[in-house]
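Undergrad: Sharing a structure below in structure tokens format, with a few things to ask.
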Amino acid sequence: MVGRVGWGVVGVLVLAYPLVFSDAFYTRMGALVVLAAISAAAWNIMGGYAGQVSVGHAVFFGAGAYASLLVYKLWGWPPILGAPLGILVAVALAAVVGLPTLRLKGHYFSMATIAVAELLRILVSNWELLGGAIGLSGPAAPRTGWDLIFRSSTPYYYLFLAVLVLLLGVTVRIQRTRMGYYLRAIHAGERAARSLGVPVTRYKLYAYMISAAFTSVAGTLYAVMIGFVEPEGTMGILVSVQMIIVCALGGAGTLLGPVVGALILIPLANATNIWFGSSGTGLTFLVYGGIILLIARFEPGGLVEPWRRIAARLGRPEASSAA
């Protein structure tokens with residue numbers, strides 16, 4: 001009962017955030033936090049539950065972002081209608097890239113994803129159809145409601161929140177099915193999972209494709225809100241690193257870990273940019289590196305893990321399962 005009341009309070013606070021903090025800066029910050037949580041939760045399906053650390057997920061993010069503005073450039077469609085194309089491209093890329101790379105293990109798989117991501121980023125940077133190094137722009141002014149161009153960030157916040165709730169619901173569904181058990185077995189040990197009859201490669205590929213699909217949706221939402229995409233900002237390695245750090249900070253392989261990580265990391269990254277101006281971008285790398293060291297040294301399970309321990313000591317197993 002207490003757990004339900006607590007979740008109800010959290011839900012009310014989340015829904016009321018843009019109404020309480022109505023300043024443009026805070027509503028935009030809230031939208032960016034939710035968007036980062038979507039990206040990290042999508043990565044979490046592959047990197048958290050299956051234990052396959054992809055450092056090339058920016059490719060799928062970029063697929064969704066570029067597809068949304070490409071349909072506008074070619075046919076004048078509202079950018080949001082490019083979401084199905086972005087999902088299709090991302091899933092196809094995951095299948096093509098995953099078939100050979102998912103046979104690799106550990107850091108070899110991670111290095112392979114970095115190489116593929118950088119090759120595709122260079123390709124996009126030199127592809128005239130996609131705007132080359134300059135990138136693509138969306139509609140400058142709203143033509144119809146489908147363009148989703150708003151003066152306030154509040155509509156984006158609620159749109160992103162709806163997608164995040166859907167993604168978390170899909171994650172819960174995966175957890176409770178055979179696929180969820182298989183992914184946890186793969187994470188615990190591929191050799192042991194194979195000995196128990198788990199089709200390891202097939203289910204890693206399934207997780208990769210599902211993760212890619214939702215990451216592309218995050219890219220589409222980013223392009224819809226920002227209205228502009230370019231290779232480095234949407235397909236650079238920092239995009240992938242941010243997903244990993246957000247997820248690891250909150251707790252990889254947990255439902256709410258990406259959300260907790262986004263609540264901490266995104267305001268912190270924005271604060272460095274505000275305090276240090278143009279040099280804040282370089283400082284972001286230092287912040288990310290420091291967070292990686294702290295997590296690896298003191299709390300490899302992320303910030304959700306201490307809450308689980310505290311809940312267990314207090315004799316509240318329901319809170320532990322919720323975390």
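Within each chain, counting starts at residue 1; across the structure tokens, chains are named A, B, ... in the order shown, with ligands numbered 1 upward in that order.
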Using 8 Å as the limit and counting only C-alpha atoms, can you tabulate each residue of region 237-277 of chain A that touches region 49-65 of chain A, with its shortest atom-to-atom distance in Å and the two atoms involved, as JSON lines?

TA:
```
{"residue": "A:Ile237", "atom": "CA", "partner": "A:Ala58", "partner_atom": "CA", "distance": 6.8}
{"residue": "A:Val239", "atom": "CA", "partner": "A:Ala58", "partner_atom": "CA", "distance": 5.6}
{"residue": "A:Ser240", "atom": "CA", "partner": "A:Ala58", "partner_atom": "CA", "distance": 5.0}
{"residue": "A:Val241", "atom": "CA", "partner": "A:Val55", "partner_atom": "CA", "distance": 6.6}
{"residue": "A:Ile244", "atom": "CA", "partner": "A:Val55", "partner_atom": "CA", "distance": 7.7}
{"residue": "A:Ala252", "atom": "CA", "partner": "A:Tyr49", "partner_atom": "CA", "distance": 7.4}
{"residue": "A:Gly253", "atom": "CA", "partner": "A:Tyr49", "partner_atom": "CA", "distance": 4.6}
{"residue": "A:Thr254", "atom": "CA", "partner": "A:Tyr49", "partner_atom": "CA", "distance": 7.8}
```

Undergrad: Could you write those residues out with C-alpha atoms, as a PDB file, in the first residue's frame?

TA:
```pdb
ATOM      1  CA  ILE A 237      30.683   9.099 -30.043  1.00  0.00           C
ATOM      2  CA  VAL A 239      25.992  10.645 -28.023  1.00  0.00           C
ATOM      3  CA  SER A 240      26.664   6.950 -27.381  1.00  0.00           C
ATOM      4  CA  VAL A 241      28.789   7.664 -24.314  1.00  0.00           C
ATOM      5  CA  ILE A 244      25.990   4.521 -21.411  1.00  0.00           C
ATOM      6  CA  ALA A 252      22.274  -0.714 -15.824  1.00  0.00           C
ATOM      7  CA  GLY A 253      19.929  -3.663 -16.047  1.00  0.00           C
ATOM      8  CA  THR A 254      17.316  -2.015 -13.811  1.00  0.00           C
TER       9      THR A 254
END
```

Undergrad: Assign secondary structure with DSSP using the backbone only, and return the residues of region 121-300 of chain A in strand (DSSP E or B) as an MDAnalysis selection string.

TA: chainID A and resid 136:137 228:229

Undergrad: Could you state the separation of CA of Ala218 (chain A) and CA of Val33 (chain A) in Å, given to one decimal place?

TA: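 Between these atoms lies a distance of 11.9 Å.
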
Undergrad: Using only C-alpha atoms, I'd like a table of the residues in region 75-138 of chain A that come within 8 Å of region 143-166 of chain A; for each, show the closest atom pair and its distance in Å rounded to one decimal, ordered by chain and ascending number, as CSV.

TA:
```
residue,atom,partner,partner_atom,distance
A:Pro78,CA,A:Asp147,CA,4.8
A:Pro79,CA,A:Asp147,CA,6.4
A:Ile80,CA,A:Asp147,CA,7.1
```

Undergrad: Name the residues of region 29-242 of chain A that fall into alpha helix (DSSP H) according to DSSP on the backbone, using the chain letters and numbers of this document, as a ChimeraX atom specification.

TA: /A:29-44,58-75,83-101,107-125,154-175,178-188,190-195,200-226,231-235,237-242

Undergrad: Hey, what's within 10 Å of Gln175 (chain A) if we count only C-alpha atoms and toss same-chain stuff fewer than 3 positions away? As an MDAnalysis selection string, please?

TA: chainID A and resid 45 49 169:172 178:184 254:255
